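Data block for work-v7.txt (compact mmCIF, C-alpha atoms):
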# COMPACT_ATOMS: atom_id res chain seq x y z
CA MET A 1 5.70 -29.37 -3.06
CA ALA A 2 7.70 -32.48 -3.75
CA GLY A 3 7.73 -35.45 -1.44
CA ASP A 4 10.58 -33.98 0.57
CA ALA A 5 8.34 -31.25 2.03
CA PRO A 6 9.02 -30.54 5.71
CA GLY A 7 6.77 -32.21 8.25
CA TRP A 8 5.08 -28.97 9.30
CA TYR A 9 4.07 -28.38 5.66
CA THR A 10 2.59 -31.82 5.15
CA ALA A 11 0.80 -31.73 8.51
CA GLY A 12 -0.62 -28.23 8.24
CA PHE A 13 -1.38 -27.48 4.60
CA GLY A 14 -4.74 -29.25 4.75
CA ASN A 15 -5.92 -26.72 7.33
CA ILE A 16 -4.85 -23.44 5.75
CA TRP A 17 -6.83 -21.12 3.46
CA LEU A 18 -4.58 -19.03 1.21
CA PRO A 19 -5.30 -15.45 0.00
CA TYR A 20 -6.58 -14.74 -3.51
CA THR A 21 -6.38 -18.46 -4.26
CA GLN A 22 -8.62 -21.14 -5.70
CA MET A 23 -7.59 -23.86 -3.27
CA LYS A 24 -8.83 -26.69 -5.51
CA THR A 25 -6.46 -25.86 -8.36
CA VAL A 26 -3.65 -23.95 -6.67
CA ALA A 27 -0.07 -24.94 -7.36
CA PRO A 28 1.56 -25.94 -4.07
CA PRO A 29 3.05 -22.85 -2.39
CA LEU A 30 6.75 -22.80 -1.57
CA ALA A 31 7.86 -23.61 1.98
CA VAL A 32 10.07 -20.87 3.42
CA ALA A 33 12.72 -21.76 5.98
CA SER A 34 14.21 -18.31 6.65
CA THR A 35 14.81 -14.83 5.29
CA ALA A 36 17.78 -12.47 5.35
CA GLY A 37 18.39 -9.18 3.57
CA THR A 38 16.81 -9.49 0.14
CA ARG A 39 16.76 -13.30 0.18
CA ILE A 40 14.05 -15.86 0.79
CA ARG A 41 15.50 -19.25 1.71
CA LEU A 42 13.28 -22.19 0.89
CA ALA A 43 12.99 -25.39 2.87
CA ASP A 44 14.40 -27.36 -0.08
CA GLY A 45 17.63 -25.33 0.00
CA ARG A 46 16.95 -22.94 -2.87
CA GLU A 47 17.39 -19.20 -2.38
CA LEU A 48 15.37 -16.50 -4.17
CA ILE A 49 16.04 -12.79 -4.51
CA ASP A 50 12.81 -11.11 -3.42
CA GLY A 51 11.79 -8.61 -6.08
CA ILE A 52 8.59 -7.43 -4.38
CA ALA A 53 9.61 -7.10 -0.69
CA SER A 54 6.74 -9.23 0.60
CA TRP A 55 3.90 -7.19 -0.86
CA TRP A 56 5.95 -3.99 -0.67
CA THR A 57 6.57 -4.07 3.06
CA ALA A 58 10.20 -5.13 3.68
CA CYS A 59 11.77 -1.88 2.54
CA HIS A 60 14.83 -2.38 4.79
CA GLY A 61 15.20 -6.02 3.81
CA TYR A 62 14.45 -8.97 6.03
CA ASN A 63 15.74 -9.46 9.58
CA HIS A 64 17.49 -6.12 9.90
CA PRO A 65 19.47 -6.33 13.17
CA HIS A 66 18.26 -2.94 14.44
CA ILE A 67 14.60 -3.87 14.00
CA ARG A 68 15.18 -7.33 15.45
CA ALA A 69 16.88 -5.88 18.52
CA ALA A 70 14.05 -3.38 19.07
CA ALA A 71 11.48 -6.18 18.93
CA ALA A 72 13.41 -8.32 21.40
CA ALA A 73 13.87 -5.45 23.87
CA GLN A 74 10.21 -4.42 23.71
CA LEU A 75 9.08 -8.01 24.13
CA GLU A 76 10.94 -8.10 27.44
CA ARG A 77 9.29 -4.90 28.68
CA LEU A 78 5.74 -4.84 27.35
CA PRO A 79 4.39 -6.62 24.28
CA HIS A 80 0.87 -5.22 24.50
CA VAL A 81 -1.56 -3.41 26.74
CA MET A 82 -5.02 -2.19 25.80
CA PHE A 83 -5.09 1.34 24.37
CA GLY A 84 -8.39 2.17 26.07
CA GLY A 85 -7.53 4.28 29.13
CA LEU A 86 -3.86 3.25 28.96
CA VAL A 87 -0.98 4.38 26.78
CA GLN A 88 2.66 3.38 26.47
CA GLU A 89 5.89 4.94 25.24
CA PRO A 90 6.38 3.23 21.86
CA ALA A 91 2.95 4.28 20.58
CA LEU A 92 3.21 7.89 21.70
CA THR A 93 6.76 8.19 20.41
CA LEU A 94 5.72 6.77 17.05
CA ALA A 95 2.75 9.15 16.82
CA ARG A 96 5.01 12.11 17.57
CA ARG A 97 7.55 11.02 14.98
CA LEU A 98 4.97 10.41 12.26
CA ALA A 99 3.44 13.83 12.88
CA ALA A 100 6.88 15.41 12.61
CA LEU A 101 7.65 13.61 9.34
CA LEU A 102 4.35 14.29 7.60
CA PRO A 103 3.79 17.67 5.94
CA GLY A 104 1.52 20.42 7.22
CA ASP A 105 -0.56 19.84 10.31
CA LEU A 106 -1.16 16.10 9.91
CA GLU A 107 -0.72 15.60 13.61
CA ARG A 108 -3.32 13.27 15.11
CA VAL A 109 -2.54 9.56 14.73
CA PHE A 110 -5.15 6.82 15.09
CA PHE A 111 -3.53 3.37 15.12
CA SER A 112 -4.99 0.14 13.78
CA ASP A 113 -3.57 -3.16 12.55
CA SER A 114 -4.15 -3.32 8.78
CA GLY A 115 -4.20 -1.06 5.77
CA SER A 116 -7.82 -1.83 4.87
CA VAL A 117 -8.94 -0.92 8.38
CA SER A 118 -6.95 2.33 8.32
CA VAL A 119 -8.86 3.36 5.19
CA GLU A 120 -12.19 2.35 6.77
CA ILE A 121 -11.28 4.56 9.73
CA ALA A 122 -10.48 7.45 7.39
CA MET A 123 -13.86 7.02 5.73
CA LYS A 124 -15.57 6.91 9.11
CA MET A 125 -13.72 10.06 10.19
CA ALA A 126 -14.78 11.89 7.04
CA ILE A 127 -18.46 11.04 7.39
CA GLN A 128 -18.60 11.87 11.09
CA PHE A 129 -16.60 15.08 10.63
CA PHE A 130 -19.55 16.52 8.72
CA LEU A 131 -22.18 14.96 10.98
CA ASN A 132 -20.52 16.55 14.01
CA ARG A 133 -20.74 19.91 12.27
CA GLY A 134 -24.46 19.42 11.66
CA THR A 135 -24.00 18.91 7.93
CA SER A 136 -26.24 16.14 6.66
CA GLY A 137 -26.12 14.44 3.29
CA ARG A 138 -22.35 14.20 2.88
CA ASN A 139 -22.19 10.41 2.92
CA LYS A 140 -20.54 9.55 -0.40
CA PHE A 141 -16.93 9.20 -1.51
CA VAL A 142 -15.21 9.87 -4.79
CA SER A 143 -12.48 7.42 -5.75
CA PHE A 144 -10.86 6.48 -9.03
CA ARG A 145 -10.69 3.78 -11.66
CA HIS A 146 -7.72 1.45 -11.16
CA GLY A 147 -7.81 2.33 -7.46
CA TYR A 148 -7.50 -0.25 -4.74
CA HIS A 149 -8.01 0.47 -1.04
CA GLY A 150 -8.55 -2.90 0.60
CA ASP A 151 -10.71 -6.02 0.84
CA THR A 152 -13.06 -5.12 3.70
CA ILE A 153 -16.66 -4.21 2.87
CA GLY A 154 -16.21 -0.45 3.14
CA THR A 155 -12.97 -0.33 1.19
CA MET A 156 -14.24 -2.64 -1.56
CA ALA A 157 -16.94 -0.06 -2.19
CA VAL A 158 -14.35 2.57 -3.13
CA CYS A 159 -12.18 0.29 -5.29
CA ASP A 160 -12.53 0.12 -9.05
CA PRO A 161 -15.92 -1.65 -9.50
CA ASP A 162 -14.58 -3.59 -12.47
CA GLU A 163 -11.72 -4.98 -10.40
CA GLY A 164 -12.10 -8.75 -10.56
CA MET A 165 -11.67 -9.52 -6.87
CA HIS A 166 -14.61 -7.38 -5.81
CA ALA A 167 -17.12 -7.43 -8.67
CA LEU A 168 -18.85 -10.46 -7.12
CA PHE A 169 -19.98 -8.35 -4.15
CA THR A 170 -21.53 -5.47 -6.09
CA GLY A 171 -24.99 -6.03 -4.64
CA LEU A 172 -23.66 -5.93 -1.08
CA LEU A 173 -21.52 -2.81 -1.29
CA PRO A 174 -22.53 0.79 -0.56
CA ARG A 175 -22.68 2.86 -3.73
CA HIS A 176 -20.05 5.57 -4.13
CA HIS A 177 -18.62 7.41 -7.12
CA VAL A 178 -15.68 5.85 -8.97
CA VAL A 179 -14.52 8.11 -11.78
CA ASP A 180 -11.52 8.76 -14.02
CA LEU A 181 -8.53 10.51 -12.51
CA PRO A 182 -8.21 14.05 -13.91
CA LEU A 183 -5.03 13.15 -15.79
CA ASP A 184 -5.40 15.79 -18.52
CA GLU A 185 -7.45 18.87 -19.29
CA GLU A 186 -10.31 16.91 -20.85
CA LYS A 187 -10.65 14.57 -17.88
CA ALA A 188 -10.20 17.45 -15.46
CA ALA A 189 -13.12 19.24 -17.11
CA ALA A 190 -15.25 16.09 -16.88
CA PHE A 191 -14.29 15.73 -13.22
CA ASP A 192 -15.30 19.33 -12.50
CA THR A 193 -18.64 18.76 -14.24
CA PHE A 194 -19.22 15.66 -12.13
CA LEU A 195 -18.42 17.59 -8.93
CA ASP A 196 -20.79 20.38 -9.94
CA ALA A 197 -23.59 17.80 -9.98
CA HIS A 198 -22.63 15.78 -6.89
CA GLY A 199 -20.34 17.93 -4.77
CA ASP A 200 -22.81 18.53 -1.95
CA GLU A 201 -23.05 14.79 -1.18
CA ILE A 202 -19.28 14.13 -1.14
CA ALA A 203 -17.57 13.66 2.22
CA ALA A 204 -14.12 13.01 0.80
CA ILE A 205 -12.07 12.42 -2.31
CA LEU A 206 -9.92 9.30 -1.87
CA VAL A 207 -6.81 8.56 -3.94
CA GLU A 208 -3.55 6.63 -3.98
CA PRO A 209 -1.07 9.42 -4.70
CA LEU A 210 1.36 9.04 -7.65
CA VAL A 211 0.94 5.26 -8.06
CA GLN A 212 -2.24 3.19 -7.92
CA GLY A 213 -0.79 -0.08 -6.66
CA ALA A 214 -2.87 -3.24 -6.74
CA GLY A 215 -5.10 -1.81 -9.46
CA GLY A 216 -2.28 -2.17 -11.98
CA MET A 217 0.61 0.08 -10.87
CA LYS A 218 -0.86 3.01 -12.80
CA MET A 219 1.18 6.19 -12.40
CA HIS A 220 0.23 9.86 -12.49
CA ASP A 221 2.05 13.10 -11.73
CA ALA A 222 1.86 15.72 -9.03
CA ARG A 223 -0.42 17.97 -11.09
CA VAL A 224 -3.22 15.45 -10.63
CA LEU A 225 -2.91 15.65 -6.86
CA ARG A 226 -2.93 19.43 -6.94
CA ARG A 227 -6.12 19.28 -9.02
CA LEU A 228 -7.69 17.00 -6.40
CA ARG A 229 -6.71 19.34 -3.56
CA ALA A 230 -8.28 22.27 -5.38
CA ALA A 231 -11.39 20.22 -6.18
CA ALA A 232 -11.87 19.11 -2.59
CA ASP A 233 -11.52 22.68 -1.38
CA ARG A 234 -13.96 23.94 -4.01
CA ILE A 235 -16.77 21.58 -2.94
CA GLY A 236 -15.91 21.68 0.77
CA ALA A 237 -14.96 17.99 0.97
CA LEU A 238 -11.99 16.35 2.64
CA LEU A 239 -9.03 14.92 0.72
CA VAL A 240 -7.74 11.49 1.77
CA PHE A 241 -4.43 10.09 0.55
CA ASP A 242 -4.04 6.32 0.77
CA GLU A 243 -0.26 6.02 1.15
CA ILE A 244 -0.30 2.42 2.31
CA PHE A 245 1.74 1.35 -0.73
CA VAL A 246 3.62 4.52 -1.62
CA GLY A 247 4.51 5.79 1.85
CA PHE A 248 7.96 5.47 3.42
CA GLY A 249 10.16 6.18 0.44
CA ARG A 250 8.74 3.93 -2.24
CA THR A 251 8.18 6.72 -4.81
CA GLY A 252 11.37 8.64 -3.98
CA THR A 253 10.27 10.93 -1.16
CA MET A 254 9.38 9.85 2.35
CA PHE A 255 5.71 10.32 1.49
CA ALA A 256 4.19 10.70 -1.96
CA CYS A 257 2.29 13.84 -0.93
CA GLU A 258 5.63 15.63 -0.46
CA ALA A 259 6.38 15.37 -4.19
CA ALA A 260 3.18 17.25 -5.00
CA GLY A 261 3.44 19.84 -2.27
CA VAL A 262 -0.08 18.82 -1.29
CA VAL A 263 -1.26 18.23 2.28
CA PRO A 264 -4.30 15.92 2.48
CA ASP A 265 -6.78 16.18 5.32
CA ILE A 266 -6.24 12.50 6.20
CA VAL A 267 -3.49 10.08 5.21
CA THR A 268 -3.42 6.31 5.73
CA LEU A 269 -0.18 4.40 6.32
CA SER A 270 0.76 0.74 6.71
CA LYS A 271 2.90 -1.89 4.87
CA ALA A 272 6.46 -0.47 5.19
CA LEU A 273 5.58 1.27 8.46
CA THR A 274 7.20 -1.60 10.39
CA GLY A 275 9.68 -2.54 7.69
CA GLY A 276 7.67 -5.65 6.87
CA THR A 277 8.04 -7.10 10.35
CA MET A 278 4.62 -6.80 12.01
CA ALA A 279 1.07 -5.71 11.27
CA LEU A 280 0.45 -2.03 12.01
CA ALA A 281 -1.40 0.83 10.35
CA ALA A 282 -2.13 4.47 11.06
CA THR A 283 -4.77 6.97 10.01
CA VAL A 284 -3.37 10.47 10.47
CA ALA A 285 -5.63 13.52 10.46
CA THR A 286 -5.01 17.25 10.40
CA ALA A 287 -5.76 19.45 13.37
CA ARG A 288 -8.88 20.69 11.57
CA VAL A 289 -10.30 17.19 11.22
CA PHE A 290 -9.44 16.32 14.83
CA ASP A 291 -11.05 19.53 16.04
CA GLY A 292 -14.27 18.36 14.41
CA PHE A 293 -14.45 15.67 17.12
CA TRP A 294 -13.32 17.88 20.05
CA ASP A 295 -16.59 18.44 21.86
CA ASP A 296 -18.34 18.20 25.21
CA ARG A 297 -20.77 15.75 23.64
CA ALA A 298 -19.73 12.13 24.14
CA ALA A 299 -21.54 11.23 20.92
CA ALA A 300 -19.13 13.42 18.94
CA ALA A 301 -16.20 11.11 19.74
CA LEU A 302 -14.82 8.78 17.09
CA MET A 303 -16.27 5.48 18.25
CA HIS A 304 -13.68 3.07 16.94
CA GLY A 305 -11.06 1.01 18.74
CA PRO A 306 -9.27 -2.08 17.40
CA THR A 307 -8.34 -4.52 20.18
CA TYR A 308 -4.64 -4.39 19.30
CA MET A 309 -4.64 -0.67 18.56
CA GLY A 310 -1.29 0.95 19.29
CA ASN A 311 0.31 -2.44 19.96
CA ALA A 312 3.51 -1.67 21.86
CA LEU A 313 5.59 -4.33 20.13
CA ALA A 314 4.53 -3.22 16.66
CA CYS A 315 5.08 0.45 17.50
CA ALA A 316 8.57 -0.29 18.84
CA VAL A 317 9.37 -2.08 15.59
CA ALA A 318 7.98 0.86 13.59
CA ASN A 319 10.16 3.28 15.56
CA ALA A 320 13.18 1.14 14.71
CA ALA A 321 12.17 1.15 11.04
CA LEU A 322 11.95 4.96 11.13
CA ASP A 323 15.41 5.06 12.72
CA LEU A 324 16.82 3.41 9.61
CA PHE A 325 15.59 6.24 7.40
CA GLU A 326 17.69 8.54 9.62
CA THR A 327 20.80 6.38 9.96
CA GLU A 328 21.01 4.61 6.60
CA PRO A 329 20.77 6.24 3.13
CA ARG A 330 17.36 4.91 2.18
CA LEU A 331 16.15 7.69 -0.11
CA GLU A 332 19.52 7.76 -1.88
CA GLN A 333 19.17 4.00 -2.37
CA VAL A 334 15.69 4.49 -3.84
CA ALA A 335 17.09 7.05 -6.28
CA ALA A 336 19.81 4.61 -7.33
CA ILE A 337 17.28 1.81 -7.83
CA GLU A 338 15.09 4.16 -9.87
CA ALA A 339 18.02 5.07 -12.12
CA GLN A 340 18.92 1.41 -12.62
CA LEU A 341 15.33 0.44 -13.42
CA HIS A 342 15.15 3.31 -15.92
CA ASP A 343 18.34 1.98 -17.50
CA GLN A 344 17.53 -1.74 -17.60
CA LEU A 345 13.77 -2.27 -17.89
CA PRO A 346 13.18 -0.39 -21.18
CA ALA A 347 14.89 -3.25 -23.05
CA CYS A 348 11.62 -5.12 -22.42
CA ARG A 349 9.77 -2.75 -24.76
CA ASP A 350 11.00 -4.75 -27.75
CA LEU A 351 9.64 -8.05 -26.42
CA PRO A 352 6.47 -9.56 -27.92
CA GLY A 353 3.30 -8.56 -26.08
CA VAL A 354 4.83 -5.70 -24.07
CA VAL A 355 2.72 -2.55 -24.28
CA ASP A 356 4.38 -0.30 -21.68
CA VAL A 357 7.34 0.02 -19.32
CA ARG A 358 7.18 2.56 -16.50
CA VAL A 359 9.24 3.44 -13.44
CA LYS A 360 8.64 5.59 -10.38
CA GLY A 361 11.02 5.47 -7.44
CA ALA A 362 11.70 1.88 -6.46
CA ILE A 363 8.80 0.64 -8.62
CA GLY A 364 9.35 -0.87 -12.05
CA VAL A 365 6.50 -2.13 -14.23
CA VAL A 366 6.32 -4.06 -17.47
CA GLU A 367 2.77 -4.08 -18.79
CA LEU A 368 1.69 -6.80 -21.21
CA ALA A 369 -1.24 -6.99 -23.58
CA LYS A 370 -2.13 -10.15 -21.67
CA ILE A 371 -0.27 -12.61 -19.48
CA GLY A 372 -1.92 -15.88 -20.46
CA ASP A 373 -0.69 -18.67 -18.21
CA LEU A 374 -0.01 -16.77 -14.99
CA ASN A 375 1.06 -19.83 -13.03
CA ALA A 376 3.60 -20.80 -15.68
CA LEU A 377 5.06 -17.30 -15.55
CA LYS A 378 5.35 -17.45 -11.77
CA ARG A 379 7.11 -20.82 -11.97
CA ALA A 380 9.53 -19.45 -14.54
CA PHE A 381 10.58 -16.66 -12.20
CA VAL A 382 11.22 -19.12 -9.38
CA GLU A 383 13.31 -21.23 -11.74
CA ALA A 384 15.27 -18.06 -12.56
CA GLY A 385 16.05 -17.62 -8.86
CA VAL A 386 13.81 -14.65 -8.14
CA TRP A 387 10.55 -14.04 -6.31
CA VAL A 388 8.43 -11.99 -8.71
CA ARG A 389 4.63 -12.26 -8.63
CA PRO A 390 2.89 -10.90 -11.73
CA PHE A 391 -0.80 -10.07 -11.49
CA GLY A 392 -3.41 -8.86 -13.93
CA ASN A 393 -1.40 -7.95 -17.01
CA ILE A 394 1.74 -6.63 -15.33
CA VAL A 395 5.09 -7.89 -14.16
CA TYR A 396 6.53 -5.54 -11.57
CA LEU A 397 9.40 -4.96 -9.17
CA THR A 398 9.18 -3.30 -5.75
CA PRO A 399 12.46 -4.47 -4.19
CA ALA A 400 13.88 -3.75 -0.78
CA PHE A 401 15.74 -0.46 -0.77
CA ILE A 402 18.91 -2.25 0.33
CA ALA A 403 19.01 -4.35 -2.85
CA THR A 404 22.45 -4.11 -4.46
CA PRO A 405 23.01 -3.14 -8.10
CA ASP A 406 23.86 -6.77 -8.84
CA GLU A 407 20.61 -7.93 -7.28
CA ILE A 408 18.58 -5.37 -9.21
CA ALA A 409 20.36 -6.48 -12.38
CA THR A 410 19.45 -10.09 -11.61
CA LEU A 411 15.81 -9.11 -11.16
CA THR A 412 15.56 -7.03 -14.33
CA GLY A 413 17.50 -9.68 -16.26
CA ALA A 414 15.10 -12.37 -15.07
CA ILE A 415 12.15 -10.32 -16.30
CA ARG A 416 13.69 -9.88 -19.73
CA THR A 417 14.67 -13.55 -19.98
CA VAL A 418 11.37 -14.97 -18.74
CA LEU A 419 9.24 -12.67 -20.91
CA ALA A 420 11.38 -13.36 -23.96
CA ALA A 421 10.88 -17.11 -23.46
CA ARG A 422 7.10 -16.91 -23.23
CA PRO A 423 5.23 -18.87 -25.89
CA GLN A 424 4.13 -16.63 -28.73
CA GLY A 425 0.52 -15.56 -28.47
CA GLU A 426 0.50 -15.21 -24.70

For the structure just supplied, provide its representation as structure tokens.
Amino acid sequence: MAGDAPGWYTAGFGNIWLPYTQMKTVAPPLAVASTAGTRIRLADGRELIDGIASWWTACHGYNHPHIRAAAAAQLERLPHVMFGGLVQEPALTLARRLAALLPGDLERVFFSDSGSVSVEIAMKMAIQFFLNRGTSGRNKFVSFRHGYHGDTIGTMAVCDPDEGMHALFTGLLPRHHVVDLPLDEEKAAAFDTFLDAHGDEIAAILVEPLVQGAGGMKMHDARVLRRLRAAADRIGALLVFDEIFVGFGRTGTMFACEAAGVVPDIVTLSKALTGGTMALAATVATARVFDGFWDDRAAAALMHGPTYMGNALACAVANAALDLFETEPRLEQVAAIEAQLHDQLPACRDLPGVVDVRVKGAIGVVELAKIGDLNALKRAFVEAGVWVRPFGNIVYLTPAFIATPDEIATLTGAIRTVLAARPQGE
């Protein structure tokens, strides 16, 4: 930042380690003073329209009064108590509500505090489900190219192995099967052939339904998910949906699995679960999976328990976030955003270097042949008054659902303007 950086920035920046960042060469991050609605207010007085809802979490916008009030009230009563041998109302109420919202018999909720951990728990559940039944050898997972499930050791092992963030750790990671999604008949046939050879070692098939997020915002349709459900049933494996990105309205329905009419055996949730306010995640299993752990043997229990599991404050905030889906027209707002993105983003197709434009729900993507100077592109968006963070070879929007048509127009206009001004050859 410039020399007028606030004192806390100057004093503390030398002690922080930023995510996904080469600290030696990083451009100074922006100091944020406050947030409200769709806006990020910087310490230097500038205001940005947030086009990505803080990594897809702030679906209701920032500082929603209902969520803020719920946090304040819960803080007065009970911010946290251990979940081992003790329970509290916000966690049990949230579990009941999630079970009621999810399709089928997804009814047992295991809380944790991050998306990566919720996927690790799902993987652990799947492996032990078969061990508890006396079935040995089912200790592998099938996941898909362009998939991303987290940065912890277990989840890195089921991400796309060519994904740049994780390739360095190849020698450390367990070996699983990462294959092509069965997007068409040819790939479906190849997938079936693969399962014929390896099906008896597969504990679960793991997928991000409808949109693969951090792997490049790759989109597929409901037929793919129905193929995966049939495949899992055919080989006797579990089906796990990672809805950390797509859950809570992002693709147009409350959960992506609803659009396919497919009920997974396990679903993982996080990000928008608390409306972008606090860290919380959930791994939700069907009655059948839970029954695989219901036993007189102590060793058959799921031996996992994050210290802040079922945090009362986070669960109260999540309950407030769920209230807003009932009291405010969130899914209608998503549909309106989708229509506007469909209307405004395709103009980018004519820009140099653009190879694809795609939209699903409140997700809009402009894919480039290459980005070139990523930092310059990020700076250009800030100068245009928006917070848009391209990665890989895509520029994308995942705005808060409360974003107004004018704000969406500002975001799509900034993308067109910034991409049109890029130096030729990038």

Just the residues within 8 Å of stretch 166-177 of chain A, please, counting all atoms listed in the file, with nothing from its chain fewer than 4 positions along; format it as a PyMOL selection string. chain A and resi 140-143+151+153-154+156-158+161-162

Expected file contents, prior selection, C-alpha atoms, as an mmCIF file, keeping the file's coordinate frame:
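Saved as part-v1.cif:
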data_model
loop_
_atom_site.group_PDB
_atom_site.id
_atom_site.type_symbol
_atom_site.label_atom_id
_atom_site.label_comp_id
_atom_site.auth_asym_id
_atom_site.auth_seq_id
_atom_site.Cartn_x
_atom_site.Cartn_y
_atom_site.Cartn_z
ATOM 1 C CA LYS A 140 -20.540 9.550 -0.400
ATOM 2 C CA PHE A 141 -16.930 9.200 -1.510
ATOM 3 C CA VAL A 142 -15.210 9.870 -4.790
ATOM 4 C CA SER A 143 -12.480 7.420 -5.750
ATOM 5 C CA ASP A 151 -10.710 -6.020 0.840
ATOM 6 C CA ILE A 153 -16.660 -4.210 2.870
ATOM 7 C CA GLY A 154 -16.210 -0.450 3.140
ATOM 8 C CA MET A 156 -14.240 -2.640 -1.560
ATOM 9 C CA ALA A 157 -16.940 -0.060 -2.190
ATOM 10 C CA VAL A 158 -14.350 2.570 -3.130
ATOM 11 C CA PRO A 161 -15.920 -1.650 -9.500
ATOM 12 C CA ASP A 162 -14.580 -3.590 -12.470
#

Figure out the distance between atom CA of A:Trp294 and atom CA of A:Arg138, please, to one decimal in Å.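 We find that atom CA of A:Arg138 and atom CA of A:Trp294 lie 19.7 Å from each other.
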
Please list as an MDAnalysis selection string every residue within 9 Å of A:Glu338, counting all atoms listed in the file and excluding residues in the same chain fewer than 5 positions away. chainID A and resid 251:252 333 343 359:364

Residues within 9 Å of A:Val246, all atoms listed in the file, excluding chain neighbours under 5 positions, as a ChimeraX atom specification: /A:56,208-213,251,254-256,269,272

Find the residues around A:Gly276 up to 8 Å (all atoms listed in the file counted), leave out those fewer than 2 positions away in its own chain, and share them as a PyMOL selection string. chain A and resi 53-54+56-59+62+271-274+278-279

May I ask which of the residues A:Ala126, A:Ile266, A:Arg358, A:Leu377 is the closest one to A:His220, counting all atoms listed in the file? A:Arg358

So what do you get for atom CA of A:Leu239 versus atom CA of A:Val207, distance-wise?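 Atom CA of A:Val207 lies 8.2 Å from atom CA of A:Leu239.
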
Mind checking which residues fall within 9 Å of A:Phe83, counting all atoms listed in the file, ignoring those fewer than 3 positions away in the same chain, and posting them as a list of chain:residue names?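 With the cut-off at 9 Å, the set is A:His80, A:Leu86, A:Val87, A:Gln88, A:Gly305, A:Pro306, A:Thr307, A:Tyr308, A:Met309, A:Gly310, A:Asn311.
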
Separation of atom CA of A:Arg288 from atom CA of A:Gly84 in Å: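 If I compute the distance from atom CA of A:Gly84 to atom CA of A:Arg288, I get 23.5 Å.
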
Counting all atoms listed in the file, which residue out of A:Thr93, A:Gln22, A:Ser34, A:Asn139 sits closest to A:Leu238?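 Among the listed residues, the smallest separation from A:Leu238 belongs to A:Asn139.
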
Do you have, as CSV, the list of residues of stretch 181-252 of chain A lying at most 10 Å from stretch 392-399 of chain A, each with its nearest atom pair and that distance in Å to one decimal, counting all atoms listed in the file and ordered by chain then number?
residue,atom,partner,partner_atom,distance
A:Ala214,CA,A:Gly392,CA,9.1
A:Gly215,CA,A:Gly392,CA,8.5
A:Gly216,CA,A:Ile394,CA,6.9
A:Met217,CA,A:Ile394,CA,8.1
A:Arg250,CA,A:Thr398,CA,8.0

Reconstruct stretch 273-284 of chain A at the level of N, CA and C atoms, and format the result as a PDB file, keeping the file's coordinate frame.
ATOM      1  N   LEU A 273       5.520   0.575   7.174  1.00  0.00           N
ATOM      2  CA  LEU A 273       5.580   1.270   8.460  1.00  0.00           C
ATOM      3  C   LEU A 273       6.439   0.516   9.467  1.00  0.00           C
ATOM      4  N   THR A 274       6.372  -0.808   9.478  1.00  0.00           N
ATOM      5  CA  THR A 274       7.200  -1.600  10.390  1.00  0.00           C
ATOM      6  C   THR A 274       8.334  -2.311   9.657  1.00  0.00           C
ATOM      7  N   GLY A 275       8.630  -1.879   8.453  1.00  0.00           N
ATOM      8  CA  GLY A 275       9.680  -2.540   7.690  1.00  0.00           C
ATOM      9  C   GLY A 275       9.357  -3.974   7.338  1.00  0.00           C
ATOM     10  N   GLY A 276       8.072  -4.293   7.244  1.00  0.00           N
ATOM     11  CA  GLY A 276       7.670  -5.650   6.870  1.00  0.00           C
ATOM     12  C   GLY A 276       7.759  -6.655   7.983  1.00  0.00           C
ATOM     13  N   THR A 277       7.823  -6.196   9.225  1.00  0.00           N
ATOM     14  CA  THR A 277       8.040  -7.100  10.350  1.00  0.00           C
ATOM     15  C   THR A 277       6.762  -7.488  11.077  1.00  0.00           C
ATOM     16  N   MET A 278       5.849  -6.542  11.256  1.00  0.00           N
ATOM     17  CA  MET A 278       4.620  -6.800  12.010  1.00  0.00           C
ATOM     18  C   MET A 278       3.477  -6.003  11.399  1.00  0.00           C
ATOM     19  N   ALA A 279       2.266  -6.417  11.739  1.00  0.00           N
ATOM     20  CA  ALA A 279       1.070  -5.710  11.270  1.00  0.00           C
ATOM     21  C   ALA A 279       0.871  -4.441  12.077  1.00  0.00           C
ATOM     22  N   LEU A 280       0.737  -3.311  11.374  1.00  0.00           N
ATOM     23  CA  LEU A 280       0.450  -2.030  12.010  1.00  0.00           C
ATOM     24  C   LEU A 280       0.001  -1.061  10.935  1.00  0.00           C
ATOM     25  N   ALA A 281      -0.933  -0.198  11.272  1.00  0.00           N
ATOM     26  CA  ALA A 281      -1.400   0.830  10.350  1.00  0.00           C
ATOM     27  C   ALA A 281      -1.726   2.082  11.140  1.00  0.00           C
ATOM     28  N   ALA A 282      -1.813   3.196  10.416  1.00  0.00           N
ATOM     29  CA  ALA A 282      -2.130   4.470  11.060  1.00  0.00           C
ATOM     30  C   ALA A 282      -2.994   5.300  10.130  1.00  0.00           C
ATOM     31  N   THR A 283      -3.969   5.971  10.706  1.00  0.00           N
ATOM     32  CA  THR A 283      -4.770   6.970  10.010  1.00  0.00           C
ATOM     33  C   THR A 283      -4.449   8.303  10.664  1.00  0.00           C
ATOM     34  N   VAL A 284      -3.872   9.216   9.903  1.00  0.00           N
ATOM     35  CA  VAL A 284      -3.370  10.470  10.470  1.00  0.00           C
ATOM     36  C   VAL A 284      -4.200  11.624   9.921  1.00  0.00           C
TER      37      VAL A 284
END
